[in-house]
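Asker: Got a structure here, written out as structure tokens. Questions coming.
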Amino acid sequence: MDWVTAARELAATFALRAPEHDRAGSFPFENFADLRAAGFFGLTVPERFGGAEVPLATYLAVLEALARGDGSTALAFMMHLKTFGQERDAPSYPPEWLGQMARGALEHGYLVNTVATEEGLGSPAGGGLPETVAIPSGDGWLLDGRKTFATLAPVLHYFIVLARVPVLEGETPRVSNFMVLRTDPGVRIEETWDSLGMRATGSHDVVFDGVRLSPERLLNGRALGAGDARGGAGMAWFALGICAVTLGVATAARDYAVTYARERTPNSNRTIKDYPGVRTRIARMDLLIQRSRALMDDACRAWEAGSSEGMPVLNRVAVAKIEALNSCIEAVDLAMRVVGGVSLQKSRPIERYYRDVRAPLHNPPLEDRALEMLARSALDEPIEPAGPAE
Ligand SMILES: Cc1cc2nc3c(=O)[nH]c(=O)nc-3n(C[C@H](O)[C@H](O)[C@H](O)COP(=O)(O)OP(=O)(O)OC[C@H]3O[C@@H](n4cnc5c(N)ncnc54)[C@H](O)[C@@H]3O)c2cc1C
């Protein structure tokens with residue numbers, strides 16, 4: 001199966017649907033139906049469950065291809081795909097749950113994502129304690145709380161929920177991940193997502209109101225501040241997936257600007273591509289995009305080879321994320337300048353690319369934390385693997 005070609009074909013259809021979903025902030029259910037029908041729900045699922053188990057590099061190429069058509073669909077779908085990639089590289093959930101999620105994806109079209117962020121907590125990568133709490137009750141747990149930024153909320157079946165759990169006085173606070181199903185009584189989606197960019201990701205709030213969980217719903221736990229069980233795999237699949245989505249959006253903007261520059265001939269005898277300013281900007285866009293892709297590919301190869309030669313592999317991932325995001329934002333800004341005043345028109349996709357390309361800035365690893373990783377490596381001591389991705 002040529003997954004990348006298949007993704008390109010789907011992306012062409014998604015591009016036609018993207019303006020309306022962006023305008024309405026609606027969820028592209030039909031894109032996910034198409035992805036399911038084409039077999040993409042099992043893309044990263046291990047082969048032993050019937051999945052395609054594609055390598056990290058193919059996952060990235062697929063995400064980039066999808067994002068050229070619709071950044072929102074690519075970003076939202078990434079949340080599902082990365083779960084299996086991370087588990088393949090660093091199992092952190094009980095094997096029975098991995099099997100259930102894999103079979104759910106392949107047989108029923110069930111999607112999974114981690115819902116960790118909260119209004120008060122912000123990003124859990126900041127090291128805070130969630131307000132969402134799981135209290136022991138009977139032989140299981142009682143879950144209460146609210147999560148924000150729950151991407152894929154309109155279609156998620158498996159919610160992996162980060163919650164604090166009670167500890168004795170004086171003990172280090174603890175957090176755990178719980179498996180919550182969409183069908184569990186007390187789970188409610190509140191349609192709060194109305195954002196500047198990535199408007200069609202369905203990243204709504206999810207409320208857990210006295211949700212009763214049996215003991216096997218506890219996936220894992222750790223002391224607050226201790227390393228996440230996914231270790232570096234959490235960061236590699238997440239951060240590089242973000243790079244790929246961002247690259248896809250920036251490349252779509254670049255292609256739009258290049259086509260425009262080749263065709264646009266104002267009431268003069270020159271096509272705008274002949275103006276030195278336009279030529280320089282187009283060249284610089286290619287430089288920025290190529291630099292981003294090279295860094296992403298370099299980090300991907302290092303992760304797949306388990307190589308830290310020259311630089312620790314997770315530092316390479318951090319470098320790729322920081323550079324790809326900033327370079328892609330700059331490239332889309334240049335594309336806007338090439339196209340000129342009409343780039344601001346809502347009727348043109350470049351206006352959406354300009355907004356979408358910014359959103360992944362706020363997905364982990366955040367720039368300050370990534371820079372701190374590099375500084376610690378250079379100035380202090382060997383670093384621990386990064387914390388939780390979401
Ligand atoms: C499109 C999109 C989809 C998302 N999908 C999901 C999802 O599916 N699941 C999910 O759980 N979350 C999701 N998120 C949320 C995301 O992972 C972050 O948790 C969220 O954006 C809030 O992060 P923040 O850093 O802005 O928040 P805050 O933690 O409030 O941070 C605010 C600012 O302070 C800085 N800061 C905070 N703590 C530190 C620190 N310790 N060191 C240095 N600087 C710090 C941050 O860098 C930031 O600039 C999504 C976000 C976006 C934009």
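All residue names refer to the structure tokens as shown: chains lettered A, B, ... in order, residues numbered from 1 in each chain, ligands numbered from 1 in order.
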Go through chain A residue by residue and, counting only C-alpha atoms and all ligand atoms, keep those with an atom at most 6 Å from ligand 1; for each kept residue give the shortest atom pair and its distance in Å to one decimal, ordered by chain and increasing number, as CSV.
Answerer:
residue,atom,partner,partner_atom_place_in_ligand_line,distance
A:Thr114,CA,ligand 1,9 (N),5.3
A:Val115,CA,ligand 1,11 (O),3.9
A:Ala116,CA,ligand 1,11 (O),3.6
A:Thr117,CA,ligand 1,11 (O),3.9
A:Gly122,CA,ligand 1,29 (O),3.6
A:Ser123,CA,ligand 1,19 (O),3.2
A:Gly126,CA,ligand 1,41 (N),3.8
A:Phe149,CA,ligand 1,13 (C),4.5
A:Ala150,CA,ligand 1,8 (O),4.4
A:Thr151,CA,ligand 1,8 (O),3.9
A:Met198,CA,ligand 1,1 (C),5.6
A:Ala359,CA,ligand 1,53 (C),4.9
A:Pro360,CA,ligand 1,53 (C),5.7
A:His362,CA,ligand 1,21 (O),4.3
A:Asn363,CA,ligand 1,17 (O),4.5
A:Pro364,CA,ligand 1,17 (O),5.7
A:Leu366,CA,ligand 1,47 (O),5.5
A:Asp368,CA,ligand 1,43 (C),5.3
A:Arg369,CA,ligand 1,43 (C),5.3
A:Glu390,CA,ligand 1,17 (O),4.4
Asker: Could you pull the residues within 9 Å of region 284-287 of chain A, counting only C-alpha atoms, minus those fewer than 3 positions along the same chain, as number ranges by chain?
Answerer: A: 250-251, 254, 279-281, 290-292, 327-328, 330-332, 334-335
Asker: For region 27-35 of chain A, please output as an NGL selection string all residues within 7 Å (counting only C-alpha atoms; exclusion window: fewer than 2 positions along the same chain).
Answerer: :A and (14 or 21 or 25 or 37-41 or 200-202)
Asker: Please produce, as a Markdown table, a per-residue contact table for region 321-345 of chain A versus region 295-305 of chain A (criterion: any atom at most 12 Å away, only C-alpha atoms considered), showing the nearest atom pair and its distance in Å to one decimal, sorted by chain then residue number.
Answerer:
| residue | atom | partner | partner_atom | distance |
| --- | --- | --- | --- | --- |
| A:Lys321 | CA | A:Met296 | CA | 7.6 |
| A:Ile322 | CA | A:Leu295 | CA | 10.0 |
| A:Glu323 | CA | A:Leu295 | CA | 7.9 |
| A:Ala324 | CA | A:Leu295 | CA | 7.5 |
| A:Leu325 | CA | A:Met296 | CA | 10.7 |
| A:Ser327 | CA | A:Leu295 | CA | 11.0 |
Asker: Skip Ala52 (chain A) itself and residues of its chain fewer than 6 positions away, then list as a PyMOL selection string all residues within 10 Å of it, counting only C-alpha atoms.
Answerer: chain A and resi 1+3+39-46
Asker: Which residues, written as a short mmCIF file (atom, residue, chain, number, x, y, z; two decimals) with N, CA and C atoms, in the first residue's frame, have at least one atom at most 12 Å from region 182-194 of chain A, with only C-alpha atoms counted and residues fewer than 6 positions away on the same chain left out?
Answerer:
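around07.cif was written with the following content:
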data_model
loop_
_atom_site.label_atom_id
_atom_site.label_comp_id
_atom_site.auth_asym_id
_atom_site.auth_seq_id
_atom_site.Cartn_x
_atom_site.Cartn_y
_atom_site.Cartn_z
N HIS A 21 -15.55 24.12 6.68
CA HIS A 21 -15.35 23.71 8.08
C HIS A 21 -14.59 24.79 8.85
N ASP A 22 -13.67 25.44 8.17
CA ASP A 22 -12.91 26.51 8.83
C ASP A 22 -13.85 27.65 9.19
N ARG A 23 -14.69 28.02 8.24
CA ARG A 23 -15.61 29.14 8.49
C ARG A 23 -16.56 28.82 9.65
N ALA A 24 -17.12 27.61 9.61
CA ALA A 24 -18.13 27.24 10.61
C ALA A 24 -17.51 26.72 11.91
N GLY A 25 -16.25 26.38 11.87
CA GLY A 25 -15.63 25.74 13.05
C GLY A 25 -16.23 24.36 13.27
N SER A 26 -16.68 23.75 12.19
CA SER A 26 -17.34 22.44 12.31
C SER A 26 -16.33 21.30 12.15
N PHE A 27 -16.71 20.15 12.61
CA PHE A 27 -15.79 19.00 12.56
C PHE A 27 -15.97 18.27 11.22
N TYR A 110 -12.98 3.26 15.96
CA TYR A 110 -12.86 4.05 17.19
C TYR A 110 -11.53 4.82 17.19
N LEU A 111 -11.59 6.06 17.64
CA LEU A 111 -10.39 6.89 17.71
C LEU A 111 -10.00 7.14 19.17
N VAL A 112 -8.72 7.41 19.37
CA VAL A 112 -8.20 7.59 20.73
C VAL A 112 -7.41 8.90 20.80
N ASN A 113 -7.43 9.53 21.96
CA ASN A 113 -6.54 10.67 22.21
C ASN A 113 -6.35 10.84 23.72
N LEU A 142 -13.80 6.98 41.09
CA LEU A 142 -14.83 7.95 40.72
C LEU A 142 -14.11 9.18 40.16
N LEU A 143 -14.42 9.52 38.91
CA LEU A 143 -13.66 10.57 38.21
C LEU A 143 -14.50 11.83 38.04
N ASP A 144 -13.92 12.97 38.43
CA ASP A 144 -14.59 14.26 38.25
C ASP A 144 -13.59 15.26 37.70
N GLY A 145 -14.04 16.08 36.76
CA GLY A 145 -13.16 17.14 36.26
C GLY A 145 -13.57 17.61 34.89
N ARG A 146 -12.77 18.55 34.38
CA ARG A 146 -13.03 19.11 33.04
C ARG A 146 -11.69 19.28 32.32
N LYS A 147 -11.66 18.84 31.07
CA LYS A 147 -10.47 18.98 30.24
C LYS A 147 -10.76 19.95 29.11
N THR A 148 -9.74 20.71 28.74
CA THR A 148 -9.87 21.64 27.61
C THR A 148 -9.00 21.11 26.46
N PHE A 149 -9.15 21.68 25.28
CA PHE A 149 -8.33 21.30 24.11
C PHE A 149 -8.42 19.80 23.80
N ALA A 150 -9.58 19.20 23.99
CA ALA A 150 -9.69 17.75 23.75
C ALA A 150 -9.93 17.50 22.25
N THR A 151 -8.85 17.55 21.51
CA THR A 151 -8.91 17.37 20.05
C THR A 151 -9.59 16.05 19.69
N LEU A 152 -10.39 16.08 18.64
CA LEU A 152 -11.16 14.93 18.14
C LEU A 152 -12.41 14.67 19.00
N ALA A 153 -12.71 15.57 19.94
CA ALA A 153 -13.82 15.30 20.88
C ALA A 153 -15.12 14.84 20.18
N PRO A 154 -15.46 15.38 19.01
CA PRO A 154 -16.73 14.94 18.40
C PRO A 154 -16.76 13.46 18.03
N VAL A 155 -15.59 12.84 17.87
CA VAL A 155 -15.59 11.45 17.41
C VAL A 155 -14.80 10.50 18.31
N LEU A 156 -14.18 11.01 19.36
CA LEU A 156 -13.34 10.15 20.19
C LEU A 156 -14.16 9.04 20.85
N HIS A 157 -13.58 7.85 20.90
CA HIS A 157 -14.20 6.78 21.69
C HIS A 157 -13.39 6.54 22.97
N TYR A 158 -12.06 6.56 22.82
CA TYR A 158 -11.18 6.32 23.97
C TYR A 158 -10.56 7.64 24.42
N PHE A 159 -10.87 8.07 25.64
CA PHE A 159 -10.25 9.27 26.22
C PHE A 159 -9.23 8.79 27.25
N ILE A 160 -7.97 9.12 27.04
CA ILE A 160 -6.95 8.80 28.04
C ILE A 160 -6.80 10.05 28.91
N VAL A 161 -7.27 9.95 30.15
CA VAL A 161 -7.49 11.14 30.98
C VAL A 161 -6.45 11.19 32.11
N ALA A 200 -11.10 23.35 12.75
CA ALA A 200 -11.92 22.15 12.50
C ALA A 200 -11.37 20.91 13.21
N THR A 201 -10.63 21.12 14.32
CA THR A 201 -10.07 19.98 15.04
C THR A 201 -11.02 19.46 16.13
N GLY A 202 -12.11 20.17 16.36
CA GLY A 202 -13.06 19.72 17.39
C GLY A 202 -12.43 19.64 18.77
N SER A 203 -11.54 20.60 19.09
CA SER A 203 -10.81 20.52 20.36
C SER A 203 -11.63 21.13 21.51
N HIS A 204 -12.77 20.53 21.75
CA HIS A 204 -13.73 21.05 22.73
C HIS A 204 -13.36 20.67 24.17
N ASP A 205 -14.17 21.13 25.12
CA ASP A 205 -14.02 20.70 26.52
C ASP A 205 -14.71 19.34 26.69
N VAL A 206 -14.16 18.55 27.60
CA VAL A 206 -14.83 17.30 27.99
C VAL A 206 -15.01 17.34 29.49
N VAL A 207 -16.23 17.05 29.93
CA VAL A 207 -16.54 17.07 31.36
C VAL A 207 -16.74 15.64 31.84
N PHE A 208 -16.15 15.34 33.00
CA PHE A 208 -16.32 14.03 33.63
C PHE A 208 -17.05 14.28 34.95
N ASP A 209 -18.28 13.85 34.98
CA ASP A 209 -19.15 14.19 36.11
C ASP A 209 -19.51 12.92 36.87
N GLY A 210 -18.70 12.60 37.88
CA GLY A 210 -18.94 11.39 38.66
C GLY A 210 -18.91 10.13 37.80
N VAL A 211 -17.87 10.01 36.98
CA VAL A 211 -17.76 8.84 36.09
C VAL A 211 -17.19 7.66 36.88
N ARG A 212 -17.94 6.57 36.93
CA ARG A 212 -17.50 5.38 37.68
C ARG A 212 -16.60 4.52 36.79
N LEU A 213 -15.42 4.22 37.32
CA LEU A 213 -14.44 3.46 36.53
C LEU A 213 -14.06 2.19 37.28
N SER A 214 -14.10 1.06 36.59
CA SER A 214 -13.68 -0.20 37.20
C SER A 214 -12.15 -0.21 37.33
N ARG A 217 -9.51 0.23 34.54
CA ARG A 217 -9.42 1.48 33.77
C ARG A 217 -8.18 2.31 34.15
#
Asker: Under the rule that only C-alpha atoms are counted, which of A:Ala233, A:Val62, A:Ala318, A:Ala261 is the nearest residue to Gly340 (chain A)?
Answerer: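 Looking at the shortest contact to Gly340 (chain A), the residue is A:Ala261.
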Asker: Separation of CA of Ala252 (chain A) and CA of Arg68 (chain A), in Å?
Answerer: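 Atom-to-atom, CA of Ala252 (chain A) and CA of Arg68 (chain A) are spaced 5.1 Å apart.
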Asker: Give me the residues within 12 Å of Ala378 (chain A) as a list in words, counting only C-alpha atoms and dropping any in the same chain fewer than 6 places off.
Answerer: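 Returned residues: Met311, Pro312, Asn315, Leu371 and Glu372 of chain A.
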Asker: Keeping only N, CA, C and O atoms, write those residues as a PDB file, in the first residue's frame.
Answerer:
ATOM      1  N   MET A 311      24.502  14.808  18.844  1.00  0.00           N
ATOM      2  CA  MET A 311      23.555  15.509  19.721  1.00  0.00           C
ATOM      3  C   MET A 311      22.546  14.480  20.244  1.00  0.00           C
ATOM      4  O   MET A 311      22.106  13.616  19.471  1.00  0.00           O
ATOM      5  N   PRO A 312      22.178  14.548  21.519  1.00  0.00           N
ATOM      6  CA  PRO A 312      21.179  13.596  22.030  1.00  0.00           C
ATOM      7  C   PRO A 312      19.925  13.624  21.155  1.00  0.00           C
ATOM      8  O   PRO A 312      19.496  14.702  20.718  1.00  0.00           O
ATOM      9  N   ASN A 315      17.164  16.017  21.871  1.00  0.00           N
ATOM     10  CA  ASN A 315      17.527  17.409  21.576  1.00  0.00           C
ATOM     11  C   ASN A 315      17.333  17.705  20.087  1.00  0.00           C
ATOM     12  O   ASN A 315      16.908  18.787  19.699  1.00  0.00           O
ATOM     13  N   LEU A 371      14.043  24.870  24.569  1.00  0.00           N
ATOM     14  CA  LEU A 371      15.333  25.580  24.678  1.00  0.00           C
ATOM     15  C   LEU A 371      16.028  25.227  25.987  1.00  0.00           C
ATOM     16  O   LEU A 371      17.256  25.069  26.032  1.00  0.00           O
ATOM     17  N   GLU A 372      15.224  25.083  27.038  1.00  0.00           N
ATOM     18  CA  GLU A 372      15.810  24.727  28.323  1.00  0.00           C
ATOM     19  C   GLU A 372      16.456  23.343  28.261  1.00  0.00           C
ATOM     20  O   GLU A 372      17.511  23.106  28.853  1.00  0.00           O
TER      21      GLU A 372
END
Asker: Which residues in region 224-304 of chain A does DSSP call helix (DSSP H, G or I)? List them as a ChimeraX atom specification.
Answerer: /A:231-263,272-274,276-304
Asker: I'd like the neighbourhood of Leu63 (chain A) as a PyMOL selection string, where a residue qualifies if any of its atoms comes within 12 Å (using only C-alpha atoms), though same-chain residues fewer than 4 positions away should be ignored.
Answerer: chain A and resi 3-8+10-11+35+40+43-44+56-59+67-82+237-238+240-249
Asker: Let me make sure I understand: among A:Gly128, A:Val175, A:Arg36, A:Val258, which one has the smallest atom-to-atom distance to Ala283 (chain A) if we use only C-alpha atoms?
Answerer: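 The answer is A:Val258, which sits nearest to Ala283 (chain A).
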